[in-house]
$ cat target_13.cif   # mmCIF, C-alpha atoms
data_my_file
loop_
_atom_site.label_atom_id
_atom_site.label_comp_id
_atom_site.auth_asym_id
_atom_site.auth_seq_id
_atom_site.Cartn_x
_atom_site.Cartn_y
_atom_site.Cartn_z
CA MET A 1 30.53 17.50 -2.79
CA ALA A 2 28.52 15.92 -0.02
CA VAL A 3 29.70 16.18 3.55
CA ALA A 4 30.68 12.90 5.20
CA GLY A 5 27.77 11.55 7.18
CA SER A 6 25.21 13.66 5.33
CA ARG A 7 24.01 10.58 3.42
CA ASP A 8 23.19 8.86 6.69
CA ASP A 9 21.65 12.03 8.09
CA ASP A 10 19.51 12.54 4.98
CA PHE A 11 18.38 8.92 4.97
CA THR A 12 17.61 9.01 8.68
CA ALA A 13 15.58 12.19 8.25
CA PHE A 14 13.65 10.56 5.40
CA VAL A 15 12.93 7.43 7.45
CA LEU A 16 11.78 9.47 10.44
CA ALA A 17 9.55 11.66 8.28
CA ARG A 18 8.05 9.03 5.96
CA SER A 19 8.25 5.57 7.55
CA ALA A 20 4.85 5.80 9.25
CA ARG A 21 3.21 6.67 5.93
CA LEU A 22 5.07 3.83 4.21
CA VAL A 23 3.98 1.32 6.87
CA HIS A 24 0.40 2.57 6.58
CA PHE A 25 0.56 2.13 2.81
CA ALA A 26 2.04 -1.37 3.16
CA ARG A 27 -0.63 -2.36 5.73
CA MET A 28 -3.36 -1.36 3.33
CA LEU A 29 -1.60 -3.23 0.54
CA CYS A 30 -1.10 -6.53 2.35
CA GLY A 31 -3.55 -6.38 5.25
CA ASP A 32 -1.05 -7.54 7.86
CA ALA A 33 0.81 -5.23 10.25
CA GLY A 34 3.81 -7.50 10.74
CA LEU A 35 4.24 -8.19 7.05
CA ALA A 36 3.83 -4.48 6.30
CA GLU A 37 6.69 -3.61 8.63
CA ASP A 38 8.84 -6.32 7.02
CA LEU A 39 8.05 -5.05 3.52
CA VAL A 40 8.95 -1.47 4.46
CA GLN A 41 12.12 -2.56 6.25
CA THR A 42 13.30 -4.50 3.22
CA ALA A 43 12.43 -1.64 0.89
CA LEU A 44 14.29 0.83 3.10
CA GLU A 45 17.33 -1.45 3.20
CA LYS A 46 17.42 -1.50 -0.59
CA ALA A 47 16.84 2.25 -0.78
CA TYR A 48 19.70 2.94 1.63
CA LEU A 49 22.12 1.10 -0.64
CA ARG A 50 21.07 3.35 -3.55
CA TRP A 51 20.38 6.51 -1.56
CA ASP A 52 23.04 8.60 -3.32
CA ARG A 53 21.31 7.96 -6.63
CA ILE A 54 17.70 8.41 -5.56
CA GLU A 55 17.70 11.16 -2.97
CA MET A 56 17.46 13.97 -5.52
CA ALA A 57 14.58 12.35 -7.38
CA ASP A 58 11.41 11.24 -5.59
CA PRO A 59 12.59 9.16 -2.64
CA PHE A 60 9.07 8.46 -1.33
CA GLY A 61 7.93 7.27 -4.75
CA TYR A 62 11.03 5.11 -5.08
CA VAL A 63 10.54 3.46 -1.69
CA ARG A 64 6.78 3.09 -2.27
CA GLN A 65 7.59 1.30 -5.53
CA ALA A 66 10.04 -0.92 -3.66
CA VAL A 67 7.32 -1.77 -1.11
CA VAL A 68 4.94 -2.76 -3.92
CA ASN A 69 7.66 -4.86 -5.54
CA GLN A 70 8.44 -6.57 -2.22
CA HIS A 71 4.75 -7.28 -1.70
CA LEU A 72 4.30 -8.74 -5.17
CA SER A 73 7.45 -10.82 -4.74
CA TRP A 74 6.19 -12.09 -1.39
CA VAL A 75 2.81 -13.00 -2.90
CA ARG A 76 4.50 -14.93 -5.72
CA ARG A 77 6.58 -16.95 -3.23
CA ARG A 78 3.51 -18.08 -1.25
CA PRO A 79 2.30 -21.61 -1.92
CA TRP A 80 -0.56 -21.67 -4.40
CA ARG A 81 -2.91 -23.24 -1.87
CA GLU A 82 -2.66 -20.26 0.47
CA ARG A 83 -5.00 -17.46 -0.49
CA LEU A 84 -3.97 -13.98 0.47
CA THR A 85 -7.09 -12.28 1.79
CA GLY A 86 -5.65 -9.97 4.39
CA ASP A 87 -6.72 -9.59 7.97
CA ALA A 88 -9.46 -7.00 7.95
CA THR A 89 -8.64 -5.99 11.51
CA GLU A 90 -5.11 -5.01 10.53
CA ILE A 91 -5.89 -2.46 7.81
CA ASP A 92 -5.70 1.04 9.17
CA LEU A 93 -7.59 3.51 7.01
CA LEU A 94 -7.38 7.26 7.27
CA LEU A 95 -11.13 7.62 6.93
CA GLU A 96 -12.80 9.49 9.76
CA PRO A 97 -16.51 9.93 9.18
CA ALA A 98 -18.14 12.82 10.98
CA GLY A 99 -20.41 12.36 13.94
CA ASP A 100 -20.52 9.58 16.48
CA PRO A 101 -17.07 8.00 17.02
CA SER A 102 -18.58 4.54 17.32
CA GLY A 103 -20.06 5.00 13.86
CA GLY A 104 -16.58 5.77 12.59
CA VAL A 105 -15.28 2.52 14.01
CA GLN A 106 -18.11 0.59 12.37
CA HIS A 107 -17.39 2.41 9.12
CA ARG A 108 -13.68 1.51 9.18
CA VAL A 109 -14.35 -2.12 10.12
CA ALA A 110 -16.77 -2.44 7.22
CA ILE A 111 -14.26 -0.98 4.78
CA ARG A 112 -11.51 -3.23 6.12
CA ALA A 113 -13.68 -6.29 5.67
CA ALA A 114 -14.66 -5.27 2.14
CA LEU A 115 -11.05 -4.57 1.12
CA ALA A 116 -10.01 -7.96 2.45
CA THR A 117 -12.30 -9.62 -0.12
CA LEU A 118 -10.43 -8.12 -3.08
CA SER A 119 -7.68 -9.94 -4.95
CA ARG A 120 -4.12 -8.70 -4.39
CA ARG A 121 -4.08 -6.79 -7.69
CA GLU A 122 -7.50 -5.24 -7.13
CA ARG A 123 -6.53 -4.21 -3.63
CA ALA A 124 -3.22 -2.75 -4.82
CA VAL A 125 -5.01 -0.75 -7.51
CA VAL A 126 -7.60 0.60 -5.07
CA VAL A 127 -4.94 1.55 -2.51
CA LEU A 128 -2.70 3.22 -5.07
CA ARG A 129 -5.54 5.04 -6.84
CA TYR A 130 -7.66 6.18 -3.91
CA VAL A 131 -5.39 6.24 -0.88
CA GLU A 132 -2.12 7.26 -2.52
CA ASP A 133 -4.05 9.33 -5.10
CA LEU A 134 -2.04 8.14 -8.10
CA THR A 135 -3.28 8.44 -11.66
CA GLU A 136 -4.06 5.35 -13.73
CA ARG A 137 -0.76 5.78 -15.55
CA GLU A 138 1.22 6.14 -12.30
CA THR A 139 -0.55 3.12 -10.83
CA ALA A 140 0.27 1.07 -13.93
CA THR A 141 3.91 2.12 -13.67
CA VAL A 142 4.12 1.22 -9.98
CA LEU A 143 2.53 -2.19 -10.55
CA GLY A 144 4.40 -2.83 -13.79
CA VAL A 145 1.24 -3.50 -15.78
CA ALA A 146 -0.61 -1.90 -18.67
CA ILE A 147 -3.03 0.96 -18.07
CA GLY A 148 -5.84 -1.25 -19.34
CA THR A 149 -5.03 -3.77 -16.61
CA VAL A 150 -5.32 -1.01 -14.00
CA LYS A 151 -8.64 0.13 -15.47
CA SER A 152 -10.13 -3.36 -15.53
CA ALA A 153 -8.86 -4.26 -12.05
CA ASN A 154 -10.22 -0.97 -10.73
CA ALA A 155 -13.60 -1.57 -12.35
CA ARG A 156 -13.82 -5.10 -10.91
CA ALA A 157 -12.75 -3.90 -7.46
CA LEU A 158 -15.25 -1.05 -7.41
CA ALA A 159 -18.03 -3.37 -8.58
CA LYS A 160 -17.19 -5.77 -5.74
CA LEU A 161 -17.07 -2.94 -3.23
CA ARG A 162 -20.40 -1.52 -4.43
CA THR A 163 -22.12 -4.83 -3.83
CA ALA A 164 -20.17 -5.84 -0.72
CA PRO A 165 -22.59 -6.72 2.06
CA GLU A 166 -20.10 -5.29 4.57
CA LEU A 167 -20.63 -1.84 3.06
CA SER A 168 -24.43 -1.81 2.83
CA GLY A 169 -25.58 1.34 4.55
CA VAL A 170 -22.04 2.56 5.34
CA GLY A 171 -22.39 5.76 3.33
CA ASP A 172 -25.75 6.59 4.91
CA ARG A 173 -25.33 9.35 7.49
CA THR A 174 -28.54 10.74 8.78
#

$ encode --input "target_13.cif" --output "structure tokens"
Amino acid sequence: MAVAGSRDDDFTAFVLARSARLVHFARMLCGDAGLAEDLVQTALEKAYLRWDRIEMADPFGYVRQAVVNQHLSWVRRRPWRERLTGDATEIDLLLEPAGDPSGGVQHRVAIRAALATLSRRERAVVVLRYVEDLTERETATVLGVAIGTVKSANARALAKLRTAPELSGVGDRT
């Protein structure tokens, strides 16, 4: 039997250990720091209510899924005339190219700008596949779509990124 207060202690420990990673993930997903914090906060609120049932499983995966669901729900509620492109200056990538630090900044800015051009689904697929390192099947499960949808969105996103003018010469390190 659980000790009184251990639920709160366990949840608090989880939030302290994983909230920065969740906010980073949400920022890459939506491209906006404020919205990312809101998405994570809402997901954590929902997770807290179910913490007794999810703490033994994969709590990070559960909350990450909740963040994706919150993001998709938020996108659906936006008026059709508003296009979600993301603010390229708000995406914080964990990519640190070697060499000159100013080159690293230019590299990250270019990637941010290129990611901002992707559709919400393409961006979600790229973030889940290459930042969160999920398989195609896991990505499909998180997004609630078929594996074929993940594959086609990934292919379209990568094609856009390959030809993105923002990324021309980014991989060249001489």

$ atom_distance --input "target_13.cif" --atom1 "CA of Ala17 in chain A" --atom2 "CA of Arg129 in chain A"
22.4 Å

$ axis_aligned_box --input "target_13.cif" --around "range 36-48 of chain A" --padding-each-side "6 Å" --output "AutoDock Vina command-line options"
--center_x 11.8 --center_y -1.7 --center_z 3.9 --size_x 27.9 --size_y 21.3 --size_z 21.4

$ closest_residue --input "target_13.cif" --among "A:Ala155, A:Leu49, A:Asp38, A:Val75" --to "Leu22 in chain A" --atoms "all atoms listed in the file"
A:Asp38

$ atom_distance --input "target_13.cif" --atom1 "CA of Thr42 in chain A" --atom2 "CA of Gln70 in chain A"
7.6 Å

$ closest_residue --input "target_13.cif" --among "A:Arg27, A:Arg162, A:Val125, A:Leu134" --to "Thr149 in chain A" --atoms "all atoms listed in the file"
A:Val125

$ closest_residue --input "target_13.cif" --among "A:Arg53, A:Arg7, A:Arg21, A:His71" --to "Leu39 in chain A" --atoms "all atoms listed in the file"
A:His71

$ atom_distance --input "target_13.cif" --atom1 "CA of Met56 in chain A" --atom2 "CA of Val142 in chain A"
19.0 Å

$ resolve_selection --input "target_13.cif" --expression "the PyMOL selection byres ((chain A and resi 72) around 10)" --output "list in words"
Leu29, Cys30, Ala66, Val67, Val68, Asn69, Gln70, His71, Ser73, Trp74, Val75, Arg76, Arg77, Arg120, Arg121, Ala124 and Leu143 of chain A

$ closest_residue --input "target_13.cif" --among "A:Gln106, A:Pro165, A:Leu115, A:Gly61" --to "Thr139 in chain A" --atoms "only C-alpha atoms"
A:Gly61

$ residues_around --input "target_13.cif" --residues "Glu166 in chain A" --least-positions-apart "6" --cutoff "10 Å" --atoms "only C-alpha atoms" --output "MDAnalysis selection string"
chainID A and resid 106:107 109:115

$ write_last_selection --input "target_13.cif" --atoms "C-alpha atoms" --output "short mmCIF file (atom, residue, chain, number, x, y, z; two decimals), in the coordinates of the input"
data_model
loop_
_atom_site.label_atom_id
_atom_site.label_comp_id
_atom_site.auth_asym_id
_atom_site.auth_seq_id
_atom_site.Cartn_x
_atom_site.Cartn_y
_atom_site.Cartn_z
CA GLN A 106 -18.11 0.59 12.37
CA HIS A 107 -17.39 2.41 9.12
CA VAL A 109 -14.35 -2.12 10.12
CA ALA A 110 -16.77 -2.44 7.22
CA ILE A 111 -14.26 -0.98 4.78
CA ARG A 112 -11.51 -3.23 6.12
CA ALA A 113 -13.68 -6.29 5.67
CA ALA A 114 -14.66 -5.27 2.14
CA LEU A 115 -11.05 -4.57 1.12
#

$ resolve_selection --input "target_13.cif" --expression "the PyMOL selection byres ((chain A and resi 51) around 12)" --output "list in words"
Ser6, Arg7, Asp8, Asp9, Asp10, Phe11, Thr12, Phe14, Val15, Ala43, Leu44, Glu45, Lys46, Ala47, Tyr48, Leu49, Arg50, Asp52, Arg53, Ile54, Glu55, Met56, Ala57, Asp58, Pro59, Phe60, Tyr62 and Val63 of chain A

$ residues_near_point --input "target_13.cif" --point "(-1.3, 1.7, -11.5)" --cutoff "12 Å" --atoms "all atoms listed in the file" --output "ChimeraX atom specification"
/A:65,68,121-130,132-154

$ write_last_selection --input "target_13.cif" --atoms "C-alpha atoms" --output "PDB file, in the frame of the given file"
ATOM      1  CA  GLN A  65       7.590   1.300  -5.530  1.00  0.00           C
ATOM      2  CA  VAL A  68       4.940  -2.760  -3.920  1.00  0.00           C
ATOM      3  CA  ARG A 121      -4.080  -6.790  -7.690  1.00  0.00           C
ATOM      4  CA  GLU A 122      -7.500  -5.240  -7.130  1.00  0.00           C
ATOM      5  CA  ARG A 123      -6.530  -4.210  -3.630  1.00  0.00           C
ATOM      6  CA  ALA A 124      -3.220  -2.750  -4.820  1.00  0.00           C
ATOM      7  CA  VAL A 125      -5.010  -0.750  -7.510  1.00  0.00           C
ATOM      8  CA  VAL A 126      -7.600   0.600  -5.070  1.00  0.00           C
ATOM      9  CA  VAL A 127      -4.940   1.550  -2.510  1.00  0.00           C
ATOM     10  CA  LEU A 128      -2.700   3.220  -5.070  1.00  0.00           C
ATOM     11  CA  ARG A 129      -5.540   5.040  -6.840  1.00  0.00           C
ATOM     12  CA  TYR A 130      -7.660   6.180  -3.910  1.00  0.00           C
ATOM     13  CA  GLU A 132      -2.120   7.260  -2.520  1.00  0.00           C
ATOM     14  CA  ASP A 133      -4.050   9.330  -5.100  1.00  0.00           C
ATOM     15  CA  LEU A 134      -2.040   8.140  -8.100  1.00  0.00           C
ATOM     16  CA  THR A 135      -3.280   8.440 -11.660  1.00  0.00           C
ATOM     17  CA  GLU A 136      -4.060   5.350 -13.730  1.00  0.00           C
ATOM     18  CA  ARG A 137      -0.760   5.780 -15.550  1.00  0.00           C
ATOM     19  CA  GLU A 138       1.220   6.140 -12.300  1.00  0.00           C
ATOM     20  CA  THR A 139      -0.550   3.120 -10.830  1.00  0.00           C
ATOM     21  CA  ALA A 140       0.270   1.070 -13.930  1.00  0.00           C
ATOM     22  CA  THR A 141       3.910   2.120 -13.670  1.00  0.00           C
ATOM     23  CA  VAL A 142       4.120   1.220  -9.980  1.00  0.00           C
ATOM     24  CA  LEU A 143       2.530  -2.190 -10.550  1.00  0.00           C
ATOM     25  CA  GLY A 144       4.400  -2.830 -13.790  1.00  0.00           C
ATOM     26  CA  VAL A 145       1.240  -3.500 -15.780  1.00  0.00           C
ATOM     27  CA  ALA A 146      -0.610  -1.900 -18.670  1.00  0.00           C
ATOM     28  CA  ILE A 147      -3.030   0.960 -18.070  1.00  0.00           C
ATOM     29  CA  GLY A 148      -5.840  -1.250 -19.340  1.00  0.00           C
ATOM     30  CA  THR A 149      -5.030  -3.770 -16.610  1.00  0.00           C
ATOM     31  CA  VAL A 150      -5.320  -1.010 -14.000  1.00  0.00           C
ATOM     32  CA  LYS A 151      -8.640   0.130 -15.470  1.00  0.00           C
ATOM     33  CA  SER A 152     -10.130  -3.360 -15.530  1.00  0.00           C
ATOM     34  CA  ALA A 153      -8.860  -4.260 -12.050  1.00  0.00           C
ATOM     35  CA  ASN A 154     -10.220  -0.970 -10.730  1.00  0.00           C
TER      36      ASN A 154
END

$ decode --input "target_13.cif" --residues "range 106-121 of chain A" --atoms "all heavy atoms" --output "PDB file, in the first residue's frame"
ATOM      1  N   GLN A 106      24.123  30.047 -36.278  1.00  0.00           N
ATOM      2  CA  GLN A 106      23.592  30.131 -37.637  1.00  0.00           C
ATOM      3  C   GLN A 106      22.943  28.810 -38.046  1.00  0.00           C
ATOM      4  O   GLN A 106      21.896  28.797 -38.695  1.00  0.00           O
ATOM      5  CB  GLN A 106      24.705  30.490 -38.616  1.00  0.00           C
ATOM      6  CG  GLN A 106      25.235  31.886 -38.423  1.00  0.00           C
ATOM      7  CD  GLN A 106      26.502  32.151 -39.227  1.00  0.00           C
ATOM      8  OE1 GLN A 106      27.106  31.239 -39.777  1.00  0.00           O
ATOM      9  NE2 GLN A 106      26.893  33.416 -39.293  1.00  0.00           N
ATOM     10  N   HIS A 107      23.557  27.720 -37.635  1.00  0.00           N
ATOM     11  CA  HIS A 107      23.032  26.391 -37.934  1.00  0.00           C
ATOM     12  C   HIS A 107      21.645  26.207 -37.293  1.00  0.00           C
ATOM     13  O   HIS A 107      20.696  25.787 -37.959  1.00  0.00           O
ATOM     14  CB  HIS A 107      24.021  25.357 -37.393  1.00  0.00           C
ATOM     15  CG  HIS A 107      23.665  23.937 -37.659  1.00  0.00           C
ATOM     16  ND1 HIS A 107      23.843  23.343 -38.880  1.00  0.00           N
ATOM     17  CD2 HIS A 107      23.148  22.979 -36.847  1.00  0.00           C
ATOM     18  CE1 HIS A 107      23.451  22.090 -38.826  1.00  0.00           C
ATOM     19  NE2 HIS A 107      23.029  21.848 -37.596  1.00  0.00           N
ATOM     20  N   ARG A 108      21.521  26.541 -36.026  1.00  0.00           N
ATOM     21  CA  ARG A 108      20.245  26.380 -35.317  1.00  0.00           C
ATOM     22  C   ARG A 108      19.169  27.299 -35.879  1.00  0.00           C
ATOM     23  O   ARG A 108      18.017  26.902 -36.032  1.00  0.00           O
ATOM     24  CB  ARG A 108      20.433  26.600 -33.827  1.00  0.00           C
ATOM     25  CG  ARG A 108      21.148  25.448 -33.148  1.00  0.00           C
ATOM     26  CD  ARG A 108      21.106  25.558 -31.632  1.00  0.00           C
ATOM     27  NE  ARG A 108      21.662  26.795 -31.129  1.00  0.00           N
ATOM     28  CZ  ARG A 108      22.956  27.020 -30.927  1.00  0.00           C
ATOM     29  NH1 ARG A 108      23.836  26.081 -31.194  1.00  0.00           N
ATOM     30  NH2 ARG A 108      23.374  28.176 -30.461  1.00  0.00           N
ATOM     31  N   VAL A 109      19.525  28.526 -36.209  1.00  0.00           N
ATOM     32  CA  VAL A 109      18.559  29.469 -36.780  1.00  0.00           C
ATOM     33  C   VAL A 109      18.046  28.945 -38.116  1.00  0.00           C
ATOM     34  O   VAL A 109      16.847  29.010 -38.408  1.00  0.00           O
ATOM     35  CB  VAL A 109      19.180  30.875 -36.926  1.00  0.00           C
ATOM     36  CG1 VAL A 109      18.319  31.778 -37.789  1.00  0.00           C
ATOM     37  CG2 VAL A 109      19.396  31.491 -35.555  1.00  0.00           C
ATOM     38  N   ALA A 110      18.936  28.390 -38.913  1.00  0.00           N
ATOM     39  CA  ALA A 110      18.533  27.843 -40.209  1.00  0.00           C
ATOM     40  C   ALA A 110      17.578  26.662 -40.023  1.00  0.00           C
ATOM     41  O   ALA A 110      16.567  26.554 -40.728  1.00  0.00           O
ATOM     42  CB  ALA A 110      19.762  27.413 -41.001  1.00  0.00           C
ATOM     43  N   ILE A 111      17.885  25.795 -39.075  1.00  0.00           N
ATOM     44  CA  ILE A 111      17.009  24.647 -38.826  1.00  0.00           C
ATOM     45  C   ILE A 111      15.662  25.115 -38.292  1.00  0.00           C
ATOM     46  O   ILE A 111      14.610  24.615 -38.706  1.00  0.00           O
ATOM     47  CB  ILE A 111      17.683  23.645 -37.873  1.00  0.00           C
ATOM     48  CG1 ILE A 111      18.875  22.994 -38.583  1.00  0.00           C
ATOM     49  CG2 ILE A 111      16.692  22.585 -37.395  1.00  0.00           C
ATOM     50  CD1 ILE A 111      19.720  22.112 -37.699  1.00  0.00           C
ATOM     51  N   ARG A 112      15.677  26.077 -37.408  1.00  0.00           N
ATOM     52  CA  ARG A 112      14.413  26.615 -36.880  1.00  0.00           C
ATOM     53  C   ARG A 112      13.546  27.167 -37.999  1.00  0.00           C
ATOM     54  O   ARG A 112      12.353  26.914 -38.064  1.00  0.00           O
ATOM     55  CB  ARG A 112      14.707  27.712 -35.859  1.00  0.00           C
ATOM     56  CG  ARG A 112      15.310  27.226 -34.599  1.00  0.00           C
ATOM     57  CD  ARG A 112      15.695  28.387 -33.703  1.00  0.00           C
ATOM     58  NE  ARG A 112      16.508  27.899 -32.618  1.00  0.00           N
ATOM     59  CZ  ARG A 112      17.445  28.581 -32.030  1.00  0.00           C
ATOM     60  NH1 ARG A 112      17.702  29.820 -32.406  1.00  0.00           N
ATOM     61  NH2 ARG A 112      18.146  28.061 -31.053  1.00  0.00           N
ATOM     62  N   ALA A 113      14.158  27.937 -38.872  1.00  0.00           N
ATOM     63  CA  ALA A 113      13.405  28.528 -39.979  1.00  0.00           C
ATOM     64  C   ALA A 113      12.849  27.449 -40.905  1.00  0.00           C
ATOM     65  O   ALA A 113      11.709  27.538 -41.355  1.00  0.00           O
ATOM     66  CB  ALA A 113      14.299  29.490 -40.757  1.00  0.00           C
ATOM     67  N   ALA A 114      13.642  26.430 -41.179  1.00  0.00           N
ATOM     68  CA  ALA A 114      13.180  25.351 -42.058  1.00  0.00           C
ATOM     69  C   ALA A 114      12.049  24.557 -41.401  1.00  0.00           C
ATOM     70  O   ALA A 114      11.062  24.211 -42.058  1.00  0.00           O
ATOM     71  CB  ALA A 114      14.345  24.437 -42.415  1.00  0.00           C
ATOM     72  N   LEU A 115      12.167  24.265 -40.117  1.00  0.00           N
ATOM     73  CA  LEU A 115      11.092  23.536 -39.420  1.00  0.00           C
ATOM     74  C   LEU A 115       9.801  24.338 -39.400  1.00  0.00           C
ATOM     75  O   LEU A 115       8.709  23.770 -39.464  1.00  0.00           O
ATOM     76  CB  LEU A 115      11.503  23.200 -37.989  1.00  0.00           C
ATOM     77  CG  LEU A 115      12.381  21.984 -37.793  1.00  0.00           C
ATOM     78  CD1 LEU A 115      12.767  21.845 -36.325  1.00  0.00           C
ATOM     79  CD2 LEU A 115      11.703  20.726 -38.278  1.00  0.00           C
ATOM     80  N   ALA A 116       9.915  25.638 -39.310  1.00  0.00           N
ATOM     81  CA  ALA A 116       8.724  26.484 -39.261  1.00  0.00           C
ATOM     82  C   ALA A 116       7.927  26.440 -40.561  1.00  0.00           C
ATOM     83  O   ALA A 116       6.751  26.787 -40.566  1.00  0.00           O
ATOM     84  CB  ALA A 116       9.118  27.923 -38.935  1.00  0.00           C
ATOM     85  N   THR A 117       8.550  25.988 -41.647  1.00  0.00           N
ATOM     86  CA  THR A 117       7.838  25.926 -42.931  1.00  0.00           C
ATOM     87  C   THR A 117       7.009  24.651 -43.078  1.00  0.00           C
ATOM     88  O   THR A 117       6.214  24.549 -44.003  1.00  0.00           O
ATOM     89  CB  THR A 117       8.825  26.011 -44.112  1.00  0.00           C
ATOM     90  OG1 THR A 117       9.671  24.863 -44.111  1.00  0.00           O
ATOM     91  CG2 THR A 117       9.660  27.288 -44.054  1.00  0.00           C
ATOM     92  N   LEU A 118       7.217  23.684 -42.204  1.00  0.00           N
ATOM     93  CA  LEU A 118       6.494  22.418 -42.303  1.00  0.00           C
ATOM     94  C   LEU A 118       5.075  22.549 -41.770  1.00  0.00           C
ATOM     95  O   LEU A 118       4.802  23.377 -40.899  1.00  0.00           O
ATOM     96  CB  LEU A 118       7.228  21.329 -41.517  1.00  0.00           C
ATOM     97  CG  LEU A 118       8.665  21.026 -41.925  1.00  0.00           C
ATOM     98  CD1 LEU A 118       9.257  19.971 -41.009  1.00  0.00           C
ATOM     99  CD2 LEU A 118       8.744  20.595 -43.372  1.00  0.00           C
ATOM    100  N   SER A 119       4.188  21.692 -42.263  1.00  0.00           N
ATOM    101  CA  SER A 119       2.832  21.652 -41.720  1.00  0.00           C
ATOM    102  C   SER A 119       2.889  21.081 -40.303  1.00  0.00           C
ATOM    103  O   SER A 119       3.904  20.501 -39.890  1.00  0.00           O
ATOM    104  CB  SER A 119       1.936  20.772 -42.594  1.00  0.00           C
ATOM    105  OG  SER A 119       2.269  19.405 -42.416  1.00  0.00           O
ATOM    106  N   ARG A 120       1.810  21.210 -39.552  1.00  0.00           N
ATOM    107  CA  ARG A 120       1.811  20.733 -38.163  1.00  0.00           C
ATOM    108  C   ARG A 120       2.068  19.234 -38.100  1.00  0.00           C
ATOM    109  O   ARG A 120       2.803  18.762 -37.249  1.00  0.00           O
ATOM    110  CB  ARG A 120       0.524  21.100 -37.451  1.00  0.00           C
ATOM    111  CG  ARG A 120      -0.690  20.355 -37.950  1.00  0.00           C
ATOM    112  CD  ARG A 120      -1.920  20.599 -37.082  1.00  0.00           C
ATOM    113  NE  ARG A 120      -3.067  19.935 -37.637  1.00  0.00           N
ATOM    114  CZ  ARG A 120      -3.333  18.654 -37.494  1.00  0.00           C
ATOM    115  NH1 ARG A 120      -2.542  17.892 -36.791  1.00  0.00           N
ATOM    116  NH2 ARG A 120      -4.399  18.111 -38.044  1.00  0.00           N
ATOM    117  N   ARG A 121       1.485  18.461 -39.005  1.00  0.00           N
ATOM    118  CA  ARG A 121       1.692  17.013 -38.988  1.00  0.00           C
ATOM    119  C   ARG A 121       3.134  16.660 -39.365  1.00  0.00           C
ATOM    120  O   ARG A 121       3.756  15.827 -38.732  1.00  0.00           O
ATOM    121  CB  ARG A 121       0.723  16.307 -39.919  1.00  0.00           C
ATOM    122  CG  ARG A 121       0.983  14.781 -39.932  1.00  0.00           C
ATOM    123  CD  ARG A 121      -0.044  14.021 -40.685  1.00  0.00           C
ATOM    124  NE  ARG A 121      -1.215  13.910 -39.851  1.00  0.00           N
ATOM    125  CZ  ARG A 121      -2.405  13.555 -40.291  1.00  0.00           C
ATOM    126  NH1 ARG A 121      -2.583  13.277 -41.553  1.00  0.00           N
ATOM    127  NH2 ARG A 121      -3.428  13.468 -39.475  1.00  0.00           N
TER     128      ARG A 121
END
